[in-house]
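Participant: Have a look at this one before I ask anything.
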Amino acid sequence: MVNRPGGRLPIVDGYLGSYATLGLLLLVSVLFFVVAFTANRVLRPGRPAEPPGKRASYECGLDPVGGDWAQMQIRYYVYAYLYVLFAVEAVFLFPWAVVFDRPGFGLVTVVEMAIFVAVLALGILYAWRRNILRWT
């Protein structure tokens, strides 16, 4: 330990100095956690009386009717998947468009982007042929 100028708080140096700082921080955070939760338990009001039906499935006044099984159409997930797929692929077009006019990005860059756009077009064509993109 090295004393600070003025002799107030010692500075911890050496190999274990940073571990001591980390340990002190963890100890303070655990103490803060324990004190906060203890204060919450001590200062909270008593458990209020619950009205009848408080823990029912619906609190809107209607009784639940029917079973709990609900089927979802898979096509909505397909729309979301296609949107994410094409949105992420479209994000890759913007950096290419920004860098395209710089020197050194010639025919190779154009061919790479043509292949990328062709894969994207194949995905759209596949979705179109499978009638995934229809809203009927």
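Ligands are numbered from 1 in the order shown, residues from 1 within each chain, and chains are lettered A, B, ... in the order they appear in the structure tokens.
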Tell me, as a list of chain:residue names, which residues lie within 12 Å of Leu82 of chain A, counting only C-alpha atoms; anything in the same chain fewer than 2 positions away does not count.

Facilitator: A:Arg75, A:Tyr76, A:Tyr77, A:Val78, A:Tyr79, A:Ala80, A:Val84, A:Leu85, A:Phe86, A:Ala87, A:Val88, A:Glu89, A:Ala90, A:Leu120, A:Gly123, A:Ile124, A:Tyr126, A:Ala127, A:Trp128, A:Ile132, A:Leu133

Participant: Filtering to C-alpha atoms, could you give me those residues as a short mmCIF file (atom, residue, chain, number, x, y, z; two decimals), in the first residue's frame?

Facilitator:
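Generated file (selection-v1.cif):
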data_model
loop_
_atom_site.label_atom_id
_atom_site.label_comp_id
_atom_site.auth_asym_id
_atom_site.auth_seq_id
_atom_site.Cartn_x
_atom_site.Cartn_y
_atom_site.Cartn_z
CA ARG A 75 -47.66 -17.34 -43.27
CA TYR A 76 -47.31 -14.39 -40.89
CA TYR A 77 -44.05 -15.87 -39.64
CA VAL A 78 -42.96 -16.38 -43.25
CA TYR A 79 -43.68 -12.72 -44.02
CA ALA A 80 -41.65 -11.66 -41.00
CA VAL A 84 -35.85 -9.71 -42.04
CA LEU A 85 -33.99 -11.66 -44.70
CA PHE A 86 -34.37 -9.04 -47.41
CA ALA A 87 -33.91 -6.10 -45.04
CA VAL A 88 -30.61 -7.50 -43.79
CA GLU A 89 -29.47 -8.22 -47.32
CA ALA A 90 -30.48 -4.71 -48.41
CA LEU A 120 -31.31 -12.05 -53.49
CA GLY A 123 -34.86 -15.76 -53.00
CA ILE A 124 -37.53 -13.37 -54.24
CA TYR A 126 -38.55 -18.66 -55.01
CA ALA A 127 -40.98 -16.83 -52.72
CA TRP A 128 -42.92 -15.60 -55.73
CA ILE A 132 -45.68 -16.80 -50.43
CA LEU A 133 -45.93 -13.14 -51.41
#

Participant: In Å, rounded to a single decimal, give me how far atom CA of Phe37 of chain A is from atom CA of Ala20 of chain A.

Facilitator: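 Between atom CA of Ala20 of chain A and atom CA of Phe37 of chain A the gap works out to 25.8 Å.
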
Participant: Can you measure atom CA of Val99 of chain A to atom CA of Phe116 of chain A for me? One decimal in Å is fine.

Facilitator: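 It comes out at 15.8 Å.
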